[in-house]
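input-v8.cif (mmCIF, C-alpha atoms)
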```cif
data_coords
loop_
_atom_site.label_atom_id
_atom_site.label_comp_id
_atom_site.auth_asym_id
_atom_site.auth_seq_id
_atom_site.Cartn_x
_atom_site.Cartn_y
_atom_site.Cartn_z
CA MET A 1 50.20 64.82 38.42
CA LYS A 2 52.22 64.64 41.56
CA LEU A 3 50.52 62.54 44.26
CA THR A 4 50.93 64.13 47.70
CA THR A 5 49.67 62.73 50.98
CA VAL A 6 48.79 65.20 53.73
CA THR A 7 48.42 63.63 57.15
CA ASN A 8 47.79 65.12 60.59
CA VAL A 9 49.43 62.96 63.25
CA SER A 10 50.17 63.09 66.95
CA VAL A 11 53.74 62.64 68.15
CA ASP A 12 52.97 58.94 68.64
CA GLY A 13 51.67 58.68 65.06
CA VAL A 14 47.91 58.58 65.70
CA MET A 15 45.83 59.96 62.85
CA GLN A 16 42.38 58.77 63.92
CA GLY A 17 39.57 61.11 64.88
CA LEU A 18 41.48 64.36 65.00
CA GLY A 19 38.61 66.61 63.92
CA GLY A 20 35.77 65.98 66.34
CA PRO A 21 34.78 63.91 69.37
CA ASP A 22 32.57 61.55 67.34
CA GLU A 23 34.46 61.67 64.04
CA ASP A 24 35.81 58.11 64.10
CA ARG A 25 35.02 55.87 67.07
CA ARG A 26 36.21 52.60 65.50
CA GLY A 27 37.99 50.21 67.83
CA GLY A 28 36.64 51.98 70.92
CA PHE A 29 38.55 55.19 70.13
CA GLU A 30 37.67 57.69 72.84
CA ARG A 31 39.94 60.64 72.12
CA GLY A 32 38.30 62.20 69.09
CA GLY A 33 38.89 65.87 68.41
CA TRP A 34 42.41 65.76 69.83
CA ALA A 35 43.84 68.18 67.24
CA LEU A 36 41.26 70.94 67.68
CA PRO A 37 42.78 72.58 70.77
CA LEU A 38 46.17 72.61 69.00
CA PHE A 39 44.95 73.91 65.63
CA ASP A 40 45.88 77.59 65.54
CA ASP A 41 45.87 80.38 62.96
CA ALA A 42 49.31 79.39 61.66
CA ALA A 43 48.15 75.80 61.04
CA ALA A 44 44.97 77.04 59.35
CA THR A 45 46.97 79.36 57.08
CA PHE A 46 49.43 76.60 56.19
CA LEU A 47 46.66 74.10 55.40
CA GLY A 48 44.82 76.72 53.38
CA HIS A 49 47.91 77.10 51.17
CA VAL A 50 48.24 73.31 50.87
CA TYR A 51 44.62 72.91 49.75
CA GLN A 52 44.98 75.78 47.26
CA ARG A 53 47.82 73.88 45.52
CA ALA A 54 45.54 70.92 44.81
CA ASP A 55 44.24 70.25 41.33
CA ALA A 56 42.23 67.24 42.51
CA PHE A 57 41.67 65.16 45.64
CA LEU A 58 41.97 61.41 46.13
CA LEU A 59 40.19 60.13 49.24
CA GLY A 60 39.38 56.87 50.94
CA ARG A 61 35.67 56.18 51.50
CA ARG A 62 35.63 56.94 55.22
CA THR A 63 37.44 60.29 54.84
CA TYR A 64 35.28 61.12 51.83
CA GLU A 65 32.12 60.56 53.87
CA ILE A 66 33.43 62.71 56.73
CA PHE A 67 34.40 65.52 54.32
CA ALA A 68 31.19 65.24 52.27
CA GLY A 69 29.12 65.38 55.47
CA SER A 70 30.84 68.56 56.57
CA TRP A 71 32.69 70.56 53.88
CA GLY A 72 30.24 69.28 51.26
CA THR A 73 27.14 70.51 53.13
CA TRP A 74 28.27 73.89 54.46
CA ASP A 75 27.36 77.06 52.63
CA ASP A 76 30.26 78.95 51.07
CA PRO A 77 31.79 80.97 53.92
CA GLY A 78 33.45 83.21 51.34
CA ASP A 79 36.89 83.15 52.90
CA SER A 80 37.89 79.51 53.32
CA PRO A 81 40.54 78.24 50.91
CA ILE A 82 39.85 74.71 52.16
CA TRP A 83 36.10 74.95 51.48
CA THR A 84 36.78 76.50 48.07
CA ALA A 85 39.26 73.82 47.04
CA LEU A 86 37.12 70.91 48.21
CA ASN A 87 33.98 72.25 46.56
CA THR A 88 35.47 73.34 43.23
CA LYS A 89 38.08 70.68 42.43
CA PRO A 90 37.48 67.09 41.27
CA LYS A 91 37.28 64.46 43.98
CA TYR A 92 38.14 60.80 43.44
CA VAL A 93 37.07 58.34 46.10
CA VAL A 94 38.43 54.81 46.31
CA SER A 95 35.60 52.50 47.31
CA THR A 96 34.01 49.18 46.49
CA THR A 97 30.80 50.07 48.34
CA LEU A 98 30.02 53.71 47.43
CA THR A 99 27.93 53.75 44.28
CA ASP A 100 26.07 57.07 44.23
CA PRO A 101 28.21 59.90 45.64
CA GLN A 102 26.16 63.01 46.39
CA TRP A 103 29.00 65.55 46.61
CA ALA A 104 29.43 67.40 43.31
CA ASP A 105 32.33 66.51 41.02
CA THR A 106 33.01 63.14 42.67
CA THR A 107 34.17 60.06 40.78
CA VAL A 108 34.30 56.64 42.44
CA LEU A 109 37.37 54.53 41.68
CA SER A 110 36.95 50.78 42.04
CA GLY A 111 38.26 47.73 40.26
CA ASP A 112 41.85 48.28 39.15
CA VAL A 113 42.54 51.22 41.45
CA ALA A 114 46.28 51.21 40.75
CA ALA A 115 45.60 51.66 37.02
CA ALA A 116 43.03 54.41 37.69
CA ILE A 117 45.47 56.28 39.92
CA GLY A 118 48.20 55.73 37.33
CA GLU A 119 45.96 57.45 34.75
CA LEU A 120 45.45 60.41 37.09
CA LYS A 121 49.18 60.63 37.76
CA ALA A 122 49.86 60.53 34.01
CA LYS A 123 48.09 63.85 33.49
CA PRO A 124 50.58 66.49 32.38
CA ALA A 125 50.77 68.62 35.52
CA GLY A 126 49.20 69.44 38.83
CA GLU A 127 48.88 67.95 42.26
CA LEU A 128 46.62 65.12 43.37
CA GLN A 129 46.25 65.39 47.16
CA VAL A 130 45.26 62.70 49.63
CA HIS A 131 44.08 63.98 53.02
CA GLY A 132 43.53 61.59 55.93
CA SER A 133 42.49 58.29 54.36
CA GLY A 134 44.87 56.12 56.41
CA SER A 135 44.15 52.78 54.75
CA LEU A 136 44.43 54.31 51.30
CA VAL A 137 47.66 56.11 52.19
CA ARG A 138 49.25 52.89 53.45
CA TRP A 139 48.13 51.13 50.25
CA LEU A 140 49.58 53.95 48.15
CA PHE A 141 52.90 53.64 50.03
CA ASP A 142 52.95 49.89 49.48
CA ASN A 143 52.30 50.39 45.77
CA GLN A 144 54.95 53.11 45.40
CA LEU A 145 52.45 55.68 44.13
CA VAL A 146 53.30 58.54 46.52
CA ASP A 147 55.53 61.35 45.29
CA GLU A 148 55.50 63.56 48.38
CA ILE A 149 54.49 63.17 52.03
CA THR A 150 53.39 66.10 54.18
CA LEU A 151 53.07 65.35 57.90
CA LEU A 152 51.54 67.88 60.25
CA THR A 153 52.73 66.69 63.64
CA TYR A 154 50.90 67.86 66.76
CA PRO A 155 52.75 68.01 70.09
CA VAL A 156 50.51 65.54 71.92
CA VAL A 157 50.62 61.83 72.72
CA ILE A 158 47.24 60.17 72.16
CA GLY A 159 48.16 56.65 73.28
CA GLN A 160 45.44 54.83 71.34
CA GLY A 161 43.96 54.86 67.88
CA THR A 162 44.88 54.16 64.30
CA ARG A 163 48.41 55.17 63.46
CA LEU A 164 49.78 56.16 60.09
CA PHE A 165 52.37 53.40 60.34
CA PRO A 166 51.75 50.13 62.21
CA ASP A 167 53.56 49.56 65.52
CA THR A 168 55.59 46.79 63.92
CA GLY A 169 56.65 48.89 60.94
CA ARG A 170 56.31 47.98 57.31
CA THR A 171 57.28 44.63 55.93
CA PRO A 172 60.27 45.49 53.76
CA ARG A 173 60.03 44.63 50.11
CA SER A 174 62.80 42.35 48.91
CA THR A 175 63.92 45.07 46.47
CA TRP A 176 64.61 47.32 49.44
CA SER A 177 66.99 44.89 51.12
CA THR A 178 70.00 46.88 49.96
CA GLY A 179 68.70 49.96 51.72
CA GLU A 180 67.98 51.71 48.44
CA LEU A 181 64.56 52.76 47.26
CA PRO A 182 63.26 50.85 44.26
CA ALA A 183 63.29 52.57 40.89
CA ARG A 184 60.06 54.26 39.95
CA GLY A 185 58.45 53.44 36.64
#
```

In structure tokens, what does this structure look like?
Amino acid sequence: MKLTTVTNVSVDGVMQGLGGPDEDRRGGFERGGWALPLFDDAAATFLGHVYQRADAFLLGRRTYEIFAGSWGTWDDPGDSPIWTALNTKPKYVVSTTLTDPQWADTTVLSGDVAAAIGELKAKPAGELQVHGSGSLVRWLFDNQLVDEITLLTYPVVIGQGTRLFPDTGRTPRSTWSTGELPARG
């Protein structure tokens, strides 16, 4: 399976709390719901197509809980490709604390997460999508497990909040010192 990350970010790289005013208030974040006024029909159509491509979803615990508490509780609207994908495809959640997921077709990955994700990626075809899940996405980048990155960039500066990439940038791996990407195994 191809592992694809799909991240909504502001121009200044903030990915925290885009969906609702109280979605993620960690660190005193006060600008929740910032993407809603900018999310138009074209964005909804594009994301619908992205979700339809998915064969499975890989989520961090926090994003999983947000999705399960919304998409996982709503009745089938009958016309939402996002709802359909999230409620009919397998979901894998990376967590050391979640033990009894209530959303149907959810598997918790803990322990050797890299090996578990490697097993998913070894499946013959398909796309494993990661939406949101900032900490997980950064870990996946660091462990060279990402095959494709999709960034949906909104024309707004948030000025505070968790960013996809830290302000100081990544610490380069020694194998990257030549400016070339490391070989993938």

> So which residues get picked by the PyMOL selection byres ((chain A and resi 58) around 10) here, written as a PyMOL selection string?
Replying inline: chain A and resi 3-5+56-57+59-61+63-64+90-94+106-109+117+120+128-133+136-137

Could you write those residues out with C-alpha atoms, as a compact mmCIF listing (two decimals), keeping the file's coordinate frame?
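Generated output (again_36.txt):
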```
# COMPACT_ATOMS: atom_id res chain seq x y z
CA LEU A 3 50.52 62.54 44.26
CA THR A 4 50.93 64.13 47.70
CA THR A 5 49.67 62.73 50.98
CA ALA A 56 42.23 67.24 42.51
CA PHE A 57 41.67 65.16 45.64
CA LEU A 59 40.19 60.13 49.24
CA GLY A 60 39.38 56.87 50.94
CA ARG A 61 35.67 56.18 51.50
CA THR A 63 37.44 60.29 54.84
CA TYR A 64 35.28 61.12 51.83
CA PRO A 90 37.48 67.09 41.27
CA LYS A 91 37.28 64.46 43.98
CA TYR A 92 38.14 60.80 43.44
CA VAL A 93 37.07 58.34 46.10
CA VAL A 94 38.43 54.81 46.31
CA THR A 106 33.01 63.14 42.67
CA THR A 107 34.17 60.06 40.78
CA VAL A 108 34.30 56.64 42.44
CA LEU A 109 37.37 54.53 41.68
CA ILE A 117 45.47 56.28 39.92
CA LEU A 120 45.45 60.41 37.09
CA LEU A 128 46.62 65.12 43.37
CA GLN A 129 46.25 65.39 47.16
CA VAL A 130 45.26 62.70 49.63
CA HIS A 131 44.08 63.98 53.02
CA GLY A 132 43.53 61.59 55.93
CA SER A 133 42.49 58.29 54.36
CA LEU A 136 44.43 54.31 51.30
CA VAL A 137 47.66 56.11 52.19
```

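The two atoms in question, atom CA of Asp147 of chain A and atom CA of Ile66 of chain A, are spaced 24.9 Å apart.
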
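The smallest atom-to-atom distance between Thr153 of chain A and any of A:Ala85, A:Met15, A:Met1, A:Leu36, using all atoms listed in the file, is found for A:Met15.
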
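Shortest separation to Arg62 of chain A among A:Trp74, A:Leu86, A:Phe46, A:Glu23 occurs at residue A:Glu23, atoms counted being only C-alpha atoms.
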
> What is the atom CA of Phe141 of chain A-atom CA of Glu65 of chain A distance in Å, reported with one decimal?
Replying inline: 22.2 Å

> Which residues match the PyMOL selection byres ((chain A and resi 26) around 12) in the file above, as a PyMOL selection string?
Replying inline: chain A and resi 16-17+22-25+27-32+62+160-162

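The space separating atom CA of Thr96 of chain A from atom CA of Gly111 of chain A comes to 7.7 Å.
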
Excluding Asp55 of chain A and residues on its chain fewer than 5 positions from it, collect all residues at most 7 Å away from it, counting all atoms listed in the file, and give them as a compact mmCIF listing (two decimals) with C-alpha atoms, in the coordinates of the input.
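Contents of the output file around.txt:
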```txt
# COMPACT_ATOMS: atom_id res chain seq x y z
CA LYS A 89 38.08 70.68 42.43
CA GLY A 126 49.20 69.44 38.83
CA GLU A 127 48.88 67.95 42.26
CA LEU A 128 46.62 65.12 43.37
```

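Closest to Leu140 of chain A among A:Gly159, A:Phe67, A:Ala114, A:Leu152 is A:Ala114, based on only C-alpha atoms.
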
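Ranking A:Gln144, A:Gln102, A:Ser80, A:Ser10 by their shortest atom-to-atom distance to Ile158 of chain A, with all atoms listed in the file included, puts A:Ser10 first.
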